[in-house]
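Colleague: File my_file_5.txt follows (compact mmCIF, C-alpha atoms and all ligand atoms):
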# COMPACT_ATOMS: atom_id res chain seq x y z
CA MET D 1 5.59 -8.06 -16.81
CA ALA D 2 2.74 -5.58 -17.40
CA PRO D 3 1.26 -4.01 -14.26
CA ARG D 4 -1.82 -5.76 -12.92
CA LYS D 5 -5.15 -4.03 -13.65
CA ILE D 6 -7.04 -3.49 -10.39
CA ILE D 7 -10.13 -1.79 -8.98
CA ILE D 8 -9.77 -0.74 -5.32
CA ASP D 9 -13.10 -0.82 -3.46
CA THR D 10 -12.71 1.04 -0.20
CA ASP D 11 -14.14 2.77 2.89
CA PRO D 12 -11.29 5.12 3.96
CA GLY D 13 -10.35 4.73 6.89
CA GLN D 14 -6.71 5.41 7.74
CA ASP D 15 -5.60 1.87 6.88
CA ASP D 16 -7.47 2.04 3.56
CA ALA D 17 -5.57 5.28 2.91
CA VAL D 18 -2.20 3.58 3.38
CA ALA D 19 -3.30 0.71 1.12
CA ILE D 20 -4.29 3.19 -1.60
CA LEU D 21 -1.03 5.15 -1.19
CA LEU D 22 0.98 1.93 -1.56
CA ALA D 23 -0.89 1.12 -4.77
CA LEU D 24 -0.47 4.66 -6.11
CA ALA D 25 3.27 4.41 -5.41
CA SER D 26 3.61 1.17 -7.39
CA PRO D 27 2.77 1.85 -11.06
CA GLU D 28 5.19 -0.81 -12.27
CA ASP D 29 3.10 -3.40 -10.40
CA LEU D 30 -0.43 -2.02 -10.31
CA ASP D 31 -2.57 -0.21 -12.89
CA ILE D 32 -5.42 1.31 -10.86
CA LEU D 33 -8.38 1.53 -13.24
CA GLY D 34 -10.52 3.20 -10.60
CA ILE D 35 -11.24 3.59 -6.90
CA THR D 36 -14.80 2.80 -5.80
CA ALA D 37 -16.05 4.07 -2.45
CA VAL D 38 -18.48 2.14 -0.26
CA ALA D 39 -20.18 2.94 3.05
CA GLY D 40 -18.34 1.34 5.95
CA ASN D 41 -15.98 2.94 8.42
CA VAL D 42 -17.89 6.17 7.86
CA PRO D 43 -20.90 7.00 5.63
CA LEU D 44 -20.51 7.05 1.84
CA ASP D 45 -20.20 10.82 1.44
CA LEU D 46 -17.12 10.71 3.65
CA THR D 47 -15.55 7.59 2.15
CA ALA D 48 -15.97 9.09 -1.34
CA LYS D 49 -14.41 12.33 -0.09
CA ASN D 50 -11.57 10.58 1.76
CA ALA D 51 -10.62 8.49 -1.27
CA ARG D 52 -10.08 11.73 -3.22
CA ILE D 53 -8.18 13.32 -0.32
CA VAL D 54 -5.76 10.38 -0.44
CA CYS D 55 -5.31 10.65 -4.22
CA GLU D 56 -4.55 14.37 -3.86
CA LEU D 57 -2.12 13.70 -0.99
CA ALA D 58 -0.24 11.44 -3.42
CA SER D 59 -0.62 13.98 -6.28
CA LYS D 60 -2.32 11.25 -8.33
CA THR D 61 -5.53 13.02 -9.29
CA ASP D 62 -5.83 11.17 -12.62
CA VAL D 63 -7.24 8.09 -10.88
CA PRO D 64 -11.06 8.21 -11.16
CA VAL D 65 -13.02 7.91 -7.91
CA TYR D 66 -16.62 6.65 -7.89
CA ALA D 67 -19.26 6.58 -5.16
CA GLY D 68 -21.10 3.31 -4.67
CA CYS D 69 -23.58 1.85 -2.22
CA ASP D 70 -24.52 3.90 0.81
CA ARG D 71 -25.84 1.00 2.86
CA PRO D 72 -25.55 -2.79 3.06
CA LEU D 73 -27.71 -5.11 0.94
CA GLY D 74 -30.26 -5.93 3.58
CA ARG D 75 -29.52 -4.23 6.88
CA ASP D 76 -28.76 -0.85 8.43
CA LEU D 77 -25.26 0.55 8.08
CA VAL D 78 -22.89 0.10 11.02
CA THR D 79 -19.95 2.52 11.04
CA ALA D 80 -16.68 2.71 13.01
CA GLU D 81 -16.09 6.32 14.01
CA HIS D 82 -14.89 4.95 17.35
CA VAL D 83 -11.86 3.60 15.48
CA HIS D 84 -11.32 6.03 12.61
CA GLY D 85 -12.73 9.27 14.06
CA LYS D 86 -15.63 11.43 12.87
CA THR D 87 -14.09 12.17 9.45
CA GLY D 88 -12.81 8.63 8.91
CA LEU D 89 -9.34 10.08 8.35
CA ASP D 90 -8.69 11.71 11.73
CA GLY D 91 -5.05 12.40 12.53
CA PRO D 92 -3.52 14.62 9.84
CA ASN D 93 -5.11 17.90 8.83
CA LEU D 94 -5.63 17.33 5.09
CA PRO D 95 -7.42 19.75 2.74
CA ASP D 96 -10.82 19.01 1.24
CA PRO D 97 -10.48 17.48 -2.25
CA GLU D 98 -10.70 19.53 -5.42
CA MET D 99 -10.67 16.57 -7.84
CA PRO D 100 -14.21 15.63 -8.94
CA LEU D 101 -16.16 12.55 -8.01
CA GLN D 102 -17.13 10.62 -11.15
CA ASP D 103 -20.82 10.85 -12.11
CA GLN D 104 -21.09 7.12 -12.83
CA HIS D 105 -22.18 4.89 -9.93
CA ALA D 106 -19.37 2.67 -8.67
CA VAL D 107 -21.34 -0.52 -9.30
CA ASP D 108 -21.90 0.45 -12.95
CA PHE D 109 -18.19 1.27 -13.26
CA ILE D 110 -17.25 -2.16 -11.91
CA ILE D 111 -19.68 -3.90 -14.29
CA GLU D 112 -18.67 -1.89 -17.37
CA THR D 113 -14.95 -2.19 -16.66
CA ILE D 114 -15.05 -5.98 -16.29
CA ARG D 115 -17.29 -6.36 -19.36
CA SER D 116 -14.97 -4.20 -21.49
CA HIS D 117 -11.76 -6.08 -20.60
CA ASP D 118 -10.63 -9.57 -21.53
CA THR D 119 -11.51 -12.37 -19.14
CA GLY D 120 -8.97 -12.84 -16.38
CA THR D 121 -7.43 -9.38 -16.58
CA ILE D 122 -9.14 -7.46 -13.75
CA THR D 123 -8.45 -8.00 -10.03
CA LEU D 124 -10.89 -6.62 -7.47
CA CYS D 125 -9.37 -5.33 -4.21
CA PRO D 126 -12.12 -4.81 -1.62
CA LEU D 127 -10.91 -3.06 1.53
CA GLY D 128 -14.30 -2.52 3.18
CA PRO D 129 -17.77 -4.09 3.29
CA LEU D 130 -18.46 -6.09 0.11
CA THR D 131 -21.67 -4.29 -0.82
CA ASN D 132 -20.47 -2.75 -4.11
CA VAL D 133 -18.91 -6.00 -5.34
CA ALA D 134 -21.90 -8.16 -4.41
CA THR D 135 -24.33 -5.67 -5.97
CA ALA D 136 -22.32 -5.78 -9.21
CA PHE D 137 -22.46 -9.59 -9.19
CA GLN D 138 -26.23 -9.55 -8.54
CA ARG D 139 -26.91 -7.02 -11.33
CA ALA D 140 -24.50 -8.57 -13.85
CA PRO D 141 -23.81 -12.26 -13.13
CA ASP D 142 -22.04 -12.45 -16.50
CA ILE D 143 -19.04 -10.61 -15.05
CA ILE D 144 -18.36 -13.19 -12.32
CA PRO D 145 -16.41 -15.68 -14.50
CA LYS D 146 -14.49 -12.77 -16.05
CA VAL D 147 -12.88 -11.61 -12.79
CA GLN D 148 -9.19 -12.59 -12.54
CA GLN D 149 -9.03 -12.66 -8.73
CA ILE D 150 -10.40 -11.00 -5.61
CA VAL D 151 -7.88 -10.01 -2.93
CA LEU D 152 -9.83 -8.70 0.06
CA MET D 153 -9.35 -7.66 3.65
CA GLY D 154 -11.94 -9.23 5.89
CA GLY D 155 -12.82 -12.00 8.29
CA ALA D 156 -10.97 -13.74 11.07
CA TYR D 157 -10.45 -17.22 12.48
CA PHE D 158 -7.92 -17.48 15.33
CA GLU D 159 -8.31 -13.76 16.04
CA VAL D 160 -12.14 -13.96 16.11
CA GLY D 161 -14.06 -10.66 16.03
CA ASN D 162 -13.10 -6.99 16.30
CA ILE D 163 -16.61 -5.52 16.10
CA THR D 164 -18.47 -8.38 17.83
CA PRO D 165 -17.02 -11.36 19.71
CA ALA D 166 -17.41 -13.41 16.50
CA ALA D 167 -17.13 -11.09 13.49
CA GLU D 168 -14.62 -8.80 11.78
CA PHE D 169 -15.99 -5.38 10.76
CA ASN D 170 -15.99 -5.60 6.92
CA ILE D 171 -17.85 -8.90 6.91
CA TYR D 172 -20.14 -7.94 9.82
CA VAL D 173 -21.37 -4.75 8.14
CA ASP D 174 -22.69 -6.70 5.13
CA PRO D 175 -22.67 -10.47 5.72
CA GLU D 176 -25.10 -11.12 2.86
CA ALA D 177 -22.74 -9.37 0.45
CA ALA D 178 -19.80 -11.33 1.80
CA ASP D 179 -21.76 -14.58 1.38
CA ILE D 180 -22.35 -13.76 -2.30
CA VAL D 181 -18.64 -13.05 -2.85
CA PHE D 182 -17.37 -16.12 -1.00
CA LYS D 183 -19.81 -18.34 -2.95
CA SER D 184 -18.99 -16.73 -6.33
CA GLY D 185 -16.45 -19.37 -7.34
CA ILE D 186 -13.88 -16.66 -8.08
CA ASP D 187 -10.24 -17.14 -7.00
CA ILE D 188 -10.25 -15.32 -3.63
CA VAL D 189 -7.33 -14.34 -1.37
CA VAL D 190 -8.43 -13.32 2.13
CA MET D 191 -6.42 -11.07 4.46
CA PRO D 192 -8.13 -11.75 7.82
CA LEU D 193 -7.32 -10.28 11.22
CA ASP D 194 -5.16 -13.38 11.73
CA VAL D 195 -2.52 -11.80 9.51
CA THR D 196 -3.35 -8.10 9.75
CA HIS D 197 -2.88 -8.16 13.52
CA LYS D 198 0.73 -9.14 12.81
CA ALA D 199 1.29 -6.04 10.62
CA LEU D 200 1.64 -3.65 13.55
CA VAL D 201 3.00 -0.13 13.20
CA THR D 202 5.39 -0.16 16.12
CA LYS D 203 7.04 3.13 17.12
CA PRO D 204 10.24 2.48 15.11
CA ARG D 205 8.15 1.70 12.06
CA ASN D 206 6.02 4.82 12.49
CA ASP D 207 9.16 6.88 13.05
CA ALA D 208 10.42 5.56 9.70
CA PHE D 209 7.25 6.90 8.05
CA ARG D 210 7.62 10.29 9.77
CA ASN D 211 11.33 10.47 9.03
CA LEU D 212 10.59 10.32 5.30
CA GLY D 213 9.91 14.00 5.90
CA THR D 214 7.46 14.13 2.99
CA PRO D 215 3.80 15.18 3.19
CA VAL D 216 2.86 11.52 2.59
CA GLY D 217 5.24 10.14 5.21
CA ILE D 218 4.17 12.66 7.82
CA ALA D 219 0.45 12.20 7.07
CA VAL D 220 0.75 8.39 7.34
CA ALA D 221 2.52 8.75 10.69
CA GLU D 222 -0.20 11.11 11.92
CA MET D 223 -2.96 8.76 10.70
CA THR D 224 -1.30 5.92 12.59
CA ASP D 225 -0.88 8.02 15.74
CA PHE D 226 -4.68 8.38 15.76
CA PHE D 227 -5.69 4.97 14.41
CA GLU D 228 -3.61 2.94 16.90
CA ARG D 229 -5.65 3.99 19.95
CA PHE D 230 -8.44 1.45 19.43
CA ASP D 231 -6.19 -1.61 19.08
CA LYS D 232 -3.76 -0.53 21.80
CA GLU D 233 -6.64 -0.16 24.26
CA LYS D 234 -8.49 -3.32 23.20
CA TYR D 235 -5.65 -5.72 22.50
CA GLY D 236 -2.64 -4.07 24.14
CA SER D 237 -1.13 -4.08 20.64
CA ALA D 238 2.36 -2.71 20.02
CA GLY D 239 0.88 -0.43 17.35
CA ALA D 240 -1.87 0.05 14.76
CA PRO D 241 -2.63 -3.02 12.59
CA LEU D 242 -2.28 -2.15 8.91
CA HIS D 243 -5.23 -4.26 7.80
CA ASP D 244 -5.91 -3.01 4.27
CA PRO D 245 -2.29 -2.46 3.12
CA CYS D 246 -1.89 -6.25 3.37
CA VAL D 247 -4.11 -6.44 0.25
CA THR D 248 -2.04 -4.15 -1.96
CA ALA D 249 1.22 -5.49 -0.50
CA TYR D 250 0.14 -9.04 -1.45
CA LEU D 251 -0.34 -7.96 -5.07
CA ILE D 252 3.19 -6.49 -5.11
CA ARG D 253 5.01 -9.10 -2.99
CA PRO D 254 2.92 -12.26 -2.50
CA ASP D 255 6.07 -13.98 -1.20
CA LEU D 256 5.73 -11.98 2.01
CA PHE D 257 2.54 -13.88 2.93
CA THR D 258 1.62 -17.47 3.78
CA GLY D 259 -1.75 -19.16 4.18
CA ARG D 260 -3.89 -22.17 3.41
CA HIS D 261 -6.39 -22.85 0.61
CA ILE D 262 -9.47 -23.75 2.63
CA ASN D 263 -13.24 -23.49 2.81
CA VAL D 264 -14.54 -20.20 4.22
CA GLU D 265 -18.25 -19.56 4.74
CA VAL D 266 -20.08 -16.58 6.24
CA GLU D 267 -22.70 -16.68 9.01
CA THR D 268 -25.82 -14.85 7.76
CA THR D 269 -28.59 -16.17 10.06
CA SER D 270 -27.52 -16.36 13.71
CA ASP D 271 -27.62 -13.00 15.48
CA LEU D 272 -25.07 -14.34 17.96
CA THR D 273 -22.41 -15.01 15.31
CA MET D 274 -23.64 -12.80 12.44
CA GLY D 275 -20.82 -12.07 9.97
CA MET D 276 -18.46 -14.68 11.38
CA THR D 277 -16.13 -16.22 8.78
CA VAL D 278 -16.23 -19.93 9.50
CA ALA D 279 -12.80 -20.94 8.20
CA ASP D 280 -12.10 -24.68 7.94
CA TRP D 281 -8.40 -24.12 8.77
CA TRP D 282 -7.98 -27.70 10.02
CA GLY D 283 -9.86 -29.35 7.14
CA VAL D 284 -12.47 -31.05 9.34
CA THR D 285 -15.23 -30.79 6.74
CA ASP D 286 -15.57 -31.87 3.14
CA ARG D 287 -16.68 -28.40 2.12
CA PRO D 288 -14.74 -27.36 -1.00
CA ALA D 289 -11.83 -24.96 -0.61
CA ASN D 290 -12.89 -21.55 -1.95
CA ALA D 291 -10.25 -19.15 -0.61
CA LEU D 292 -6.57 -18.69 0.14
CA PHE D 293 -6.83 -17.68 3.80
CA ILE D 294 -3.66 -15.84 4.82
CA GLY D 295 -2.37 -16.52 8.33
CA ASP D 296 1.11 -14.98 8.47
CA LEU D 297 3.49 -12.47 6.89
CA ASP D 298 7.12 -11.34 6.98
CA ALA D 299 6.33 -8.15 8.90
CA ASP D 300 9.79 -6.61 8.57
CA GLY D 301 9.78 -7.29 4.83
CA PHE D 302 6.28 -5.80 4.59
CA PHE D 303 7.23 -2.57 6.37
CA ASP D 304 10.54 -2.24 4.50
CA MET D 305 8.71 -2.49 1.16
CA LEU D 306 5.88 -0.18 2.30
CA THR D 307 8.25 2.52 3.57
CA GLU D 308 10.39 2.36 0.42
CA ARG D 309 7.30 2.72 -1.78
CA LEU D 310 5.76 5.56 0.26
CA ALA D 311 9.07 7.43 -0.07
CA ARG D 312 8.41 7.61 -3.82
CA LEU D 313 5.32 9.83 -3.40
O1 LIG S 1 -11.69 -4.86 10.47
C1 LIG S 1 -10.77 -4.04 9.78
C2 LIG S 1 -11.37 -3.52 8.52
O2 LIG S 1 -12.52 -2.72 8.84
C3 LIG S 1 -10.43 -2.58 7.75
O3 LIG S 1 -10.71 -2.64 6.38
C4 LIG S 1 -10.80 -1.22 8.28
O4 LIG S 1 -10.52 -0.18 7.34
C5 LIG S 1 -12.29 -1.37 8.44
O5 LIG S 1 -12.89 -1.14 7.17
CA CA S 2 -11.30 -0.59 5.15
What would the structure in this file look like if it were written as structure tokens?
Modeller:
Amino acid sequence: MAPRKIIIDTDPGQDDAVAILLALASPEDLDILGITAVAGNVPLDLTAKNARIVCELASKTDVPVYAGCDRPLGRDLVTAEHVHGKTGLDGPNLPDPEMPLQDQHAVDFIIETIRSHDTGTITLCPLGPLTNVATAFQRAPDIIPKVQQIVLMGGAYFEVGNITPAAEFNIYVDPEAADIVFKSGIDIVVMPLDVTHKALVTKPRNDAFRNLGTPVGIAVAEMTDFFERFDKEKYGSAGAPLHDPCVTAYLIRPDLFTGRHINVEVETTSDLTMGMTVADWWGVTDRPANALFIGDLDADGFFDMLTERLARL
């Protein structure tokens, strides 16, 4: 089967970096048409820089990287240096990128790419706030029915919030953008904290990354050594949750994941619960199902596949 054509929209972020590395290591499964950076974990200039750092770490500098929106649709940017560090990629000491940033704006790239391909052939993989994707849909509504699928990391139900008591970071940063995406009618697969908090980089798993002995394996281990602090302190987790790699892993091995096709809506008015994903997991409303909401994964299978793929780089 031909590799799936995808656009990765991202705010690197150590976990975004691992998701991108997994995709770059999987050309038989994924054809990365472009990587679009968005403001999120750190400001746009850093996410656009970090996306290129990751491509160079993988020696895959032929993948075009675009800069997109530098702030949410209708509110100030909230960042997460407390989780990802000042650079957004704290941990390993990686060189500044030499590969260029594309001149075209990421939103225009998304629009033009979807318009120039057959309907149902492009999958969007948002790993950060949904600002770029929602802006593309606002500017070019004609592309919405052409999108094959959206597989995104964001939201939470049983796990509730990681940035506020009610909201997960990606949705919280731009709830209006998330509302546009969840109401788009597109086939959406959601990787919420409910599943990503089960993808924990325990010490044996991180040792397996480090023991690859490659620049990629060592860098991933060093990213995780830094990135795990926040979740270990807050949740007492056994390791860093690999949130975003659940997206690219799903595209490669969907059999590793289980969930329910349910209604998911986004809080965009109450300050108390702003950005909360209200997931009708128990089917108590008659609101139409609009998303496959993933609740569980085969964690050992996930890490075995991830480690095997990273070893290729
Ligand atoms: O809440 C986790 C999400 O927020 C991940 O995508 C992480 O990279 C941050 O963007
Ligand atoms: Ca992210």
Colleague: Which residues of chain D come within 8 Å of ligand LIG 1 (chain S), and for each one, what is the closest pair of atoms and their distance in Å to one decimal, counting all atoms listed in the file, sorted by chain and residue number, as JSON lines?
Modeller:
{"residue": "D:Thr10", "atom": "CA", "partner": "S:LIG1", "partner_atom": "O5", "distance": 7.7}
{"residue": "D:Asp11", "atom": "CA", "partner": "S:LIG1", "partner_atom": "O5", "distance": 5.9}
{"residue": "D:Pro12", "atom": "CA", "partner": "S:LIG1", "partner_atom": "O4", "distance": 6.3}
{"residue": "D:Gly13", "atom": "CA", "partner": "S:LIG1", "partner_atom": "O4", "distance": 4.9}
{"residue": "D:Gln14", "atom": "CA", "partner": "S:LIG1", "partner_atom": "O4", "distance": 6.8}
{"residue": "D:Asp15", "atom": "CA", "partner": "S:LIG1", "partner_atom": "O4", "distance": 5.3}
{"residue": "D:Asp16", "atom": "CA", "partner": "S:LIG1", "partner_atom": "O4", "distance": 5.3}
{"residue": "D:Gly40", "atom": "CA", "partner": "S:LIG1", "partner_atom": "O5", "distance": 6.1}
{"residue": "D:Asn41", "atom": "CA", "partner": "S:LIG1", "partner_atom": "O5", "distance": 5.3}
{"residue": "D:Ala80", "atom": "CA", "partner": "S:LIG1", "partner_atom": "C5", "distance": 7.5}
{"residue": "D:Leu127", "atom": "CA", "partner": "S:LIG1", "partner_atom": "O3", "distance": 4.9}
{"residue": "D:Gly128", "atom": "CA", "partner": "S:LIG1", "partner_atom": "O5", "distance": 4.5}
{"residue": "D:Pro129", "atom": "CA", "partner": "S:LIG1", "partner_atom": "O5", "distance": 6.9}
{"residue": "D:Met153", "atom": "CA", "partner": "S:LIG1", "partner_atom": "O3", "distance": 5.9}
{"residue": "D:Gly154", "atom": "CA", "partner": "S:LIG1", "partner_atom": "C2", "distance": 6.3}
{"residue": "D:Gly155", "atom": "CA", "partner": "S:LIG1", "partner_atom": "O1", "distance": 7.6}
{"residue": "D:Asn162", "atom": "CA", "partner": "S:LIG1", "partner_atom": "O1", "distance": 6.4}
{"residue": "D:Ile163", "atom": "CA", "partner": "S:LIG1", "partner_atom": "O1", "distance": 7.5}
{"residue": "D:Glu168", "atom": "CA", "partner": "S:LIG1", "partner_atom": "O1", "distance": 5.1}
{"residue": "D:Phe169", "atom": "CA", "partner": "S:LIG1", "partner_atom": "O1", "distance": 4.3}
{"residue": "D:Asn170", "atom": "CA", "partner": "S:LIG1", "partner_atom": "O2", "distance": 4.9}
{"residue": "D:Leu193", "atom": "CA", "partner": "S:LIG1", "partner_atom": "O1", "distance": 7.0}
{"residue": "D:His243", "atom": "CA", "partner": "S:LIG1", "partner_atom": "C3", "distance": 5.5}
{"residue": "D:Asp244", "atom": "CA", "partner": "S:LIG1", "partner_atom": "O3", "distance": 5.3}
Colleague: Nearest residue to ligand CA 2 (chain S) out of D:Ala140, D:Val38, D:Ala289, D:Ala199, using only C-alpha atoms and all ligand atoms?
Modeller: D:Val38
Colleague: Do a neighbour search on segment 201-209 of chain D at 8 Å with all atoms listed in the file, toss out local chain neighbours closer than 4 positions, and write the hits as a PyMOL selection string.
Modeller: chain D and resi 213+217-218+220-221+224+238-242+303+307
Colleague: Take atom CA of Ile186 of chain D and atom CA of Asn132 of chain D and report the distance between them in Å, one decimal.
Modeller: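 Spanning atom CA of Ile186 of chain D to atom CA of Asn132 of chain D is a straight-line distance of 15.9 Å.
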Colleague: Between D:Thr135, D:Thr269, D:Thr196, D:Gln148, which has the minimum distance to ligand CA 2 (chain S) (counting all atoms listed in the file)?
Modeller: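 Closest to ligand CA 2 (chain S) of all the choices is D:Thr196.
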Colleague: What lies within 12 Å of Pro95 of chain D using all atoms listed in the file, ignoring chain neighbours under 6 positions off, as an MDAnalysis selection string?
Modeller: chainID D and resid 49:50 52:57 89 219
Colleague: Which distance in Å separates atom CA of Glu265 of chain D and atom CA of Ala279 of chain D, to one decimal?
Modeller: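 Straight-line distance from atom CA of Glu265 of chain D to atom CA of Ala279 of chain D works out to 6.6 Å.
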Colleague: Between D:Ile252, D:Val147, D:Val284, D:Leu130, which one has atoms that come closest to ligand CA 2 (chain S), using only C-alpha atoms and all ligand atoms?
Modeller: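 Smallest distance to ligand CA 2 (chain S) is found for D:Leu130.
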Colleague: Which of these, D:Pro245, D:Leu22, D:Pro215, D:Ala291, has the shortest distance to ligand CA 2 (chain S) once you count all atoms listed in the file?
Modeller: D:Pro245
Colleague: Could you list, as a PDB file with C-alpha atoms, in the coordinates of the input, every residue within 8 Å of Leu256 of chain D, counting all atoms listed in the file and ignoring same-chain residues fewer than 4 positions away?
Modeller:
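Full text of result-v5.pdb as output:
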ATOM      1  CA  TYR D 250       0.140  -9.040  -1.450  1.00  0.00           C
ATOM      2  CA  LEU D 297       3.490 -12.470   6.890  1.00  0.00           C
ATOM      3  CA  ASP D 298       7.120 -11.340   6.980  1.00  0.00           C
ATOM      4  CA  ALA D 299       6.330  -8.150   8.900  1.00  0.00           C
ATOM      5  CA  GLY D 301       9.780  -7.290   4.830  1.00  0.00           C
ATOM      6  CA  PHE D 302       6.280  -5.800   4.590  1.00  0.00           C
TER       7      PHE D 302
END
Colleague: Using only C-alpha atoms, determine which residues lie at most 7 Å from Thr123 of chain D, disregarding the query and same-chain residues fewer than 5 positions distant; provide the list as a list of chain:residue names.
Modeller: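 Those residues are D:Lys5, D:Ile6, D:Ile7, D:Val147, D:Gln148, D:Gln149, D:Ile150.
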Colleague: Please measure the separation of atom CA of Ile114 of chain D and atom CA of Ala19 of chain D, giving the value in Å to one decimal.
Modeller: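 So the two atoms, atom CA of Ile114 of chain D and atom CA of Ala19 of chain D, lie 22.0 Å apart.
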Colleague: Contacts of Arg75 of chain D at 10 Å or less, counting all atoms listed in the file, minus same-chain residues fewer than 4 places along, as a compact mmCIF listing (two decimals) with C-alpha atoms, in the frame of the given file?
Modeller:
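Output file result33.txt is given in full below:
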# COMPACT_ATOMS: atom_id res chain seq x y z
CA ARG D 71 -25.84 1.00 2.86
CA VAL D 173 -21.37 -4.75 8.14
CA ASP D 174 -22.69 -6.70 5.13
CA PRO D 175 -22.67 -10.47 5.72
CA GLU D 176 -25.10 -11.12 2.86
Colleague: Using only C-alpha atoms and all ligand atoms, find the one residue out of D:Ala167, D:Ile110, D:Ile8, D:Leu24 that sits nearest to ligand CA 2 (chain S).
Modeller: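 Of D:Ala167, D:Ile110, D:Ile8, D:Leu24, the one nearest ligand CA 2 (chain S), counting only C-alpha atoms and all ligand atoms, is D:Ile8.
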Colleague: Quick one: of D:Lys183, D:Arg210, D:Lys146, D:Arg253, who's nearest to His117 of chain D, counting only C-alpha atoms?
Modeller: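 For His117 of chain D, the nearest of the given residues is D:Lys146.
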Colleague: Write out as JSON an axis-aligned box for segment 266-272 of chain D: all of its atoms listed in the file, 6 Å added on each side, centre and edge lengths in Å with one decimal.
Modeller:
{"center_x": -24.3, "center_y": -14.8, "center_z": 12.1, "size_x": 20.5, "size_y": 15.7, "size_z": 23.7}
